[in-house]
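Down below is the structure, laid out as structure tokens.
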Amino acid sequence: MKKTNLQKRLFGTNGVRGVTNQELSPEFILKLSYSIGSFFNGGKIIIAYDGRLSSPMFFNAATSGLIGTGCEVNDAGMMPTPALQYLIREWQMDAGLMITASHNPPEYNGVKVVDKDGIEIPRSKEEKIEEIFFEEDYCLFEWDKLGKKIARFNGIDEYKEGIKSHVDYERIKLAKLKVVVDPGNGMGSLITPYLLRELGCEVYTINSNVDGNFPGRPPEPTLKNIQQLCKVVKACNASLGIALDGDADRAIFVDEVGIAHWGDKSFGIIEKNFLSNNPGEKIVTPVSSSKMIEEIADENDGKIVWTKVGSINVSRKMQEIKANLGGEENGGIFYRPHQPVRDGTMATALIVNLMSYKKQKFSELIKSLPCYYTIKDKIPCPEILKEKALEILVSKIKGQRIELIDGLKIWTSNESWVLIRPSGTEPIFRIFAEANDEKNALELAKKYKTIINQIVKEIK
Ligand code: MG
């Protein structure tokens, strides 16, 4: 890889990502893992990979780089990202490397670097690894001091037992839930249906063979992509459908009528149940989350702690303030008694656990939540004008509750807000508007879109 200013950063919001044999080649991964191995100074590293066609190639390149820099490489094989994160702590490793591109299309792959606490490394450590990479300042070991490779076979079972220890499986068994799992040919195929069967559910699966071509559906569980699951849930008369993303750290749920609900709803259900059992607890969520999450906290004696958007921010905040539950609208549930990172299979176990306790249908649990409508849109804005545009917008807001945690969030009434966030990857502002009916949410998005367009036009 040539050193140009554009390539001075390797890590994006969730590790290093790119298209196979374009941005991401085995040679690049070798150098990256030399840099990671040098940074961790020959420590104990666990490495795992997802089912993408390019994963074995990158796995081998990364293993070589780590051995060359004196690391003890613990090969955990193919598994979900949260399984690797769980095992770092269980096996007392110094760090972890996950070869995955999560929910990205099949041609992509990537590397997530995880710290010894099981959470992805913070930006400060990424910067040090980038520095080693661009300076080629690797610490390569002599032939007789190379690291070694250890094959570990029991990782997924240990992870599964870890999840089971947080739910009441006798109770779940009694509920006789019929469920349909759609791992989208991704890593959930290796764990989620097996776990649910062991918990006593009657389990049906679709797209549950690992296949790097992703023949069933794209790895991102959007409502559009999981329509097949909705139909199967209905046809089987099942109580619940579960769709996972490619590396199984996020889960989206389908009710017994065959309607898929976005992640803020399942988070709301889990939050409500969690707070009724644990009043006074703090709930961590990004500023883009629904007002519903705050309302549930208010009604159930909980306290919301807002963070910047991004799963690492939620995880790190939870660790810092010792919060036990966090969530994102995209289906990320963070349950710290298990681990403070998002975990699609743990989220699934929490949902079947509470359904068996409540003896309520999933659609009934959804109906019991406060109802809001969210509109998402984007506004073009050149990178260099983003800061200035936002400053001008802030100066125009008078007498309204605002938050500046990530972009600008303006509460326009008790029930409605709008969030304007500069995108980290594209020359746009992302706009989120929420209100208690769809029309108001649309109007709100439109109003602020016009204001920002005007500001950008003026300062261009
Ligand atoms: Mg993922």
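Labeling convention for the structure tokens: chains A, B, ... as they appear, residues from 1 per chain, ligands from 1 in order of appearance.
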(request) Check the DSSP output for the backbone and give back, as a VMD selection string, the residues of region 55-117 of chain A in strand (DSSP E). (result) chain A and resid 72 to 78 95 to 99 108 to 114
(request) For region 81-98 of chain A, please output as an NGL selection string all residues within 9 Å (counting only C-alpha atoms; exclusion window: fewer than 4 positions along the same chain). (result) :A and (33 or 40 or 43-50 or 59 or 62 or 74 or 76 or 102 or 110-121 or 155-156 or 158-160 or 162 or 187 or 247-249 or 338-339 or 341-345)
Go ahead and save the residues from that selection, with C-alpha atoms, as a PDB file, in the first residue's frame.
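What follows is the written file again-v6.pdb:
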```
ATOM      1  CA  SER A  33      -0.907  -7.763  11.517  1.00  0.00           C
ATOM      2  CA  PHE A  40       0.826  -5.885  21.437  1.00  0.00           C
ATOM      3  CA  GLY A  43       1.312 -11.027  23.576  1.00  0.00           C
ATOM      4  CA  LYS A  44      -1.333 -13.727  23.587  1.00  0.00           C
ATOM      5  CA  ILE A  45      -3.751 -13.059  20.735  1.00  0.00           C
ATOM      6  CA  ILE A  46      -6.952 -14.911  19.860  1.00  0.00           C
ATOM      7  CA  ILE A  47      -7.842 -14.912  16.184  1.00  0.00           C
ATOM      8  CA  ALA A  48     -11.104 -15.941  14.501  1.00  0.00           C
ATOM      9  CA  TYR A  49     -12.838 -15.401  11.175  1.00  0.00           C
ATOM     10  CA  ASP A  50     -16.275 -15.298   9.573  1.00  0.00           C
ATOM     11  CA  PHE A  59      -6.826 -15.366   8.405  1.00  0.00           C
ATOM     12  CA  ALA A  62      -2.878 -12.298   9.755  1.00  0.00           C
ATOM     13  CA  ASN A  74      -4.752 -18.808  19.591  1.00  0.00           C
ATOM     14  CA  ALA A  76     -10.390 -20.111  17.611  1.00  0.00           C
ATOM     15  CA  SER A 102     -19.949  -7.747   9.622  1.00  0.00           C
ATOM     16  CA  GLY A 110     -12.093  -6.513   7.313  1.00  0.00           C
ATOM     17  CA  VAL A 111     -10.330  -6.764  10.638  1.00  0.00           C
ATOM     18  CA  LYS A 112     -11.664  -5.823  14.045  1.00  0.00           C
ATOM     19  CA  VAL A 113      -9.025  -5.428  16.746  1.00  0.00           C
ATOM     20  CA  VAL A 114     -10.337  -6.168  20.213  1.00  0.00           C
ATOM     21  CA  ASP A 115      -8.701  -5.184  23.486  1.00  0.00           C
ATOM     22  CA  LYS A 116      -8.201  -7.462  26.475  1.00  0.00           C
ATOM     23  CA  ASP A 117     -11.470  -6.252  28.032  1.00  0.00           C
ATOM     24  CA  GLY A 118     -13.361  -7.638  25.007  1.00  0.00           C
ATOM     25  CA  ILE A 119     -14.198  -4.196  23.561  1.00  0.00           C
ATOM     26  CA  GLU A 120     -12.734  -2.937  20.294  1.00  0.00           C
ATOM     27  CA  ILE A 121      -9.562  -0.930  20.877  1.00  0.00           C
ATOM     28  CA  GLY A 155     -14.701 -21.687  21.980  1.00  0.00           C
ATOM     29  CA  ILE A 156     -18.265 -21.662  20.656  1.00  0.00           C
ATOM     30  CA  GLU A 158     -17.942 -22.021  26.101  1.00  0.00           C
ATOM     31  CA  TYR A 159     -19.585 -18.923  24.671  1.00  0.00           C
ATOM     32  CA  LYS A 160     -22.948 -20.701  24.417  1.00  0.00           C
ATOM     33  CA  GLY A 162     -21.919 -18.275  29.032  1.00  0.00           C
ATOM     34  CA  MET A 187     -22.027 -16.632  11.772  1.00  0.00           C
ATOM     35  CA  ASP A 247     -21.138 -11.637  12.254  1.00  0.00           C
ATOM     36  CA  ALA A 248     -24.119 -12.091  14.602  1.00  0.00           C
ATOM     37  CA  ASP A 249     -23.594  -9.107  16.853  1.00  0.00           C
ATOM     38  CA  HIS A 338     -22.626 -11.299  29.912  1.00  0.00           C
ATOM     39  CA  GLN A 339     -20.336  -8.760  28.199  1.00  0.00           C
ATOM     40  CA  VAL A 341     -20.543  -5.417  23.719  1.00  0.00           C
ATOM     41  CA  ARG A 342     -23.422  -5.992  21.348  1.00  0.00           C
ATOM     42  CA  ASP A 343     -24.309  -9.617  20.947  1.00  0.00           C
ATOM     43  CA  GLY A 344     -27.134 -10.892  18.721  1.00  0.00           C
ATOM     44  CA  THR A 345     -27.400 -14.310  20.345  1.00  0.00           C
TER      45      THR A 345
END
```
(message) I'd like the contact shell of region 323-325 of chain A - 6 Å cut-off, only C-alpha atoms, skipping same-chain residues fewer than 5 positions apart - returned as a count of residues only.
(response) 6
(request) Determine the nearest neighbour of Gly399 (chain A) from the options A:Pro26, A:Asn104, A:Trp411, A:Ser311, counting only C-alpha atoms. (result) A:Trp411
(request) Could you find all residues in region 74-212 of chain A that DSSP calls alpha helix (DSSP H) from the backbone, and write them as a ChimeraX atom specification? (result) /A:81-90,123-135,155-164,169-175,192-198
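Residue nearest Asn109 (chain A), chosen from A:Gly200, A:Gly212, A:Thr192, A:Glu135 and counting only C-alpha atoms: A:Gly212.
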(message) With distances taken over only C-alpha atoms and all ligand atoms, which residue among A:Glu328, A:Glu299, A:Asp245, A:Glu443 lies nearest ligand 1?
(response) A:Asp245
(message) At a cut-off of 8 Å, using only C-alpha atoms, what residues contact Phe39 (chain A)? Leave out same-chain residues fewer than 5 positions from it and give the result as a PyMOL selection string.
(response) chain A and resi 128-129+132
Store the residues picked out above, limited to C-alpha atoms, as a CSV table (one decimal), in the first residue's frame.
```
chain,number,residue,atom,x,y,z
A,128,LYS,CA,-0.4,3.8,17.4
A,129,ILE,CA,-1.0,0.8,15.2
A,132,ILE,CA,3.7,1.5,13.1
```
(message) Here is a test: counting only C-alpha atoms and all ligand atoms, which residue of A:Gln319, A:Asn14, A:Asn300, A:Ser239 is nearest to ligand 1?
(response) A:Asn14
(request) Rank A:Asp211, A:Lys265, A:Leu275, A:Met355 by their smallest atom-to-atom distance to Ile304 (chain A), using only C-alpha atoms, and report the top residue only. (result)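 The closest residue to Ile304 (chain A) is A:Leu275.
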